[in-house]
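Asker: Attaching a single structure in structure tokens format; questions to follow.
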2 protein chains.
Amino acid sequence: MSTVFKALADPTRRKVLELLREKPMTAGELAEHVVITKATLSSHFAVLKAASLVSTVKEGTTITYHLRLSVLEEAMLDFTRLFGWTLSSSETSEVTE
Amino acid sequence: MSTVFKALADPTRRKVLELLREKPMTAGELAEHVVITKATLSSHFAVLKAASLVSTVKEGTTITYHLRLSVLEEAMLDFTRLFGWTLSSSETSEVTE
DNA sequence: CTCCTATTTCGATGTTTTTCTAAATATCAA
DNA sequence: TTGATATTTAGAAAAACATCGAAATAGGAG
């Protein structure tokens, strides 16, 4: 849980997660949306990966990042429960993966 | 939002918030529940205060910490909304403050 | 094989965080 | 005022983080 919150503590990383919410994207595509070097972004990816918030798929020369929505949701669920809150997904339909 | 998540990234700080959820407590009382020095705990308080997650009330020689539930809830609300989730409070009754 | 593109790793540097002990501050009681 | 208690601040050292430019790795094209 600490690793998830630590990952969420950085604006760039939150932005990456938001972008990935729309669709999986390559490191290069993601880089076009932020104002830091690719090297720096790459280390942010490592933090997100350490928190299991994203997964990667290598396709030839590119690496595509996928959001692990369930991991994020689980962490939020666990935490919000501690405070007597209820978290519900509006769009629960893709169990296809 | 970053300050809130940063505050939540530490287990000791999350524990403090959970304890305060039950009732306001003094620094000394909180210290009885964790295994670090009071000085260290005090700096954790500073982080929580910087995130506006707690407020303090001085009563003579003691300082009582109060959870600012609304601030925490607001941050969670803002964040979870980004992912299409809905957060609802089961116990919403204290608007007294 | 050589070159180009995509991405990560390396090495350096500066900042922030965590934690401790010791000292300072403030309040209350005698 | 002196002493005891509650809490924070100061100062220091170690670890973690953020960031960059440059170099390394790996695939595909020619």
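Lettering and numbering for the structure tokens are positional, with chains as A, B, ... in the shown order, residues counted from 1 in each chain, and ligands counted from 1 in the shown order.
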Hey, what's within 12 Å of region 54-63 of chain B if we count only C-alpha atoms (C1' of nucleotides) and toss same-chain stuff fewer than 6 positions away? As a PyMOL selection string, please?
Answerer: (chain B and resi 4+7+13-14+16-21+24-30+42+44-48+69-72) or (chain C and resi 25-28) or (chain D and resi 4-8)
Asker: Give as a list in words every residue of chain A that touches chain B within 8 Å, counting only C-alpha atoms.
Answerer: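 Every residue meeting the condition is included here: Met1, Ser2, Thr3, Val4, Phe5, Lys6, Leu8, Ala9, Asp10, Pro11, Glu18, Arg21, Leu82, Phe83, Gly84, Trp85, Thr86, Leu87, Ser88, Ser89, Ser90 and Glu91 of chain A.
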Asker: May I have the residues within 12 Å of DT9 (chain C) as a list in words, using only C-alpha atoms (C1' of nucleotides) and disregarding those fewer than 5 positions away in the same chain?
Answerer: Ala39, Thr40, Ser42, Ser43 and Ala46 of chain A; DA22, DA23, DA24 and DT25 of chain D
Asker: Which residues in chain A does DSSP call helix (DSSP H, G or I)? List them as a ChimeraX atom specification.
Answerer: /A:2-8,11-22,27-31,38-50,69-82
Asker: As an exercise, work out the distance from CA of Asp78 (chain A) to C1' of DA18 (chain D) in Å and give it to one decimal place.
Answerer: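 Value for the CA of Asp78 (chain A)-C1' of DA18 (chain D) distance: 29.0 Å.
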Asker: How would you write, as a count of residues only, the set of residues in chain B that DSSP gives as strand (DSSP E)?
Answerer: 19
Asker: Give me the chain C side of the contact with chain A, cut-off 12 Å, one line per residue showing its nearest atom pair and distance in Å at one decimal, counting only C-alpha atoms (C1' of nucleotides), sorted by chain and residue number, as JSON lines.
Answerer:
```
{"residue": "C:DC4", "atom": "C1'", "partner": "A:Thr61", "partner_atom": "CA", "distance": 11.6}
{"residue": "C:DT5", "atom": "C1'", "partner": "A:Thr61", "partner_atom": "CA", "distance": 8.0}
{"residue": "C:DA6", "atom": "C1'", "partner": "A:Thr62", "partner_atom": "CA", "distance": 5.7}
{"residue": "C:DT7", "atom": "C1'", "partner": "A:Thr62", "partner_atom": "CA", "distance": 7.3}
{"residue": "C:DT8", "atom": "C1'", "partner": "A:Ser42", "partner_atom": "CA", "distance": 7.0}
{"residue": "C:DT9", "atom": "C1'", "partner": "A:Ala39", "partner_atom": "CA", "distance": 8.9}
{"residue": "C:DC10", "atom": "C1'", "partner": "A:Ala39", "partner_atom": "CA", "distance": 10.8}
```
Asker: Take the residues just selected and output them with C-alpha atoms (C1' of nucleotides) as a PDB file, in the first residue's frame.
Answerer:
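Done, and the output landed in out-v9.pdb:
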```pdb
ATOM      1  C1'  DC C   4      18.293   4.670 -37.167  1.00  0.00           C
ATOM      2  C1'  DT C   5      14.778   4.574 -33.673  1.00  0.00           C
ATOM      3  C1'  DA C   6      12.925   3.370 -29.021  1.00  0.00           C
ATOM      4  C1'  DT C   7      13.863   2.768 -24.483  1.00  0.00           C
ATOM      5  C1'  DT C   8      16.579   1.882 -20.493  1.00  0.00           C
ATOM      6  C1'  DT C   9      20.730   2.068 -17.681  1.00  0.00           C
ATOM      7  C1'  DC C  10      24.668   4.575 -15.770  1.00  0.00           C
TER       8       DC C  10
END
```
Asker: Mind dumping a table of every chain D residue within 8 Å of chain A, with the nearest atom pair and its distance in Å to one decimal, using only C-alpha atoms (C1' of nucleotides), sorted by chain and rising number, as JSON lines?
Answerer:
```
{"residue": "D:DA18", "atom": "C1'", "partner": "A:Thr40", "partner_atom": "CA", "distance": 7.8}
{"residue": "D:DT19", "atom": "C1'", "partner": "A:Thr40", "partner_atom": "CA", "distance": 6.2}
{"residue": "D:DC20", "atom": "C1'", "partner": "A:Thr37", "partner_atom": "CA", "distance": 7.7}
{"residue": "D:DA26", "atom": "C1'", "partner": "A:Thr61", "partner_atom": "CA", "distance": 7.1}
{"residue": "D:DG27", "atom": "C1'", "partner": "A:Thr61", "partner_atom": "CA", "distance": 5.1}
{"residue": "D:DG28", "atom": "C1'", "partner": "A:Thr61", "partner_atom": "CA", "distance": 7.8}
```
Asker: Rounded to one decimal, what separation in Å do you get between CA of Lys15 (chain B) and CA of Leu53 (chain B)?
Answerer: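 So the answer is 12.8 Å.
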Asker: Provide the C1' of DT9 (chain D) to C1' of DA23 (chain C) distance in Å, to one decimal place.
Answerer: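 Separation between C1' of DT9 (chain D) and C1' of DA23 (chain C): 8.4 Å.
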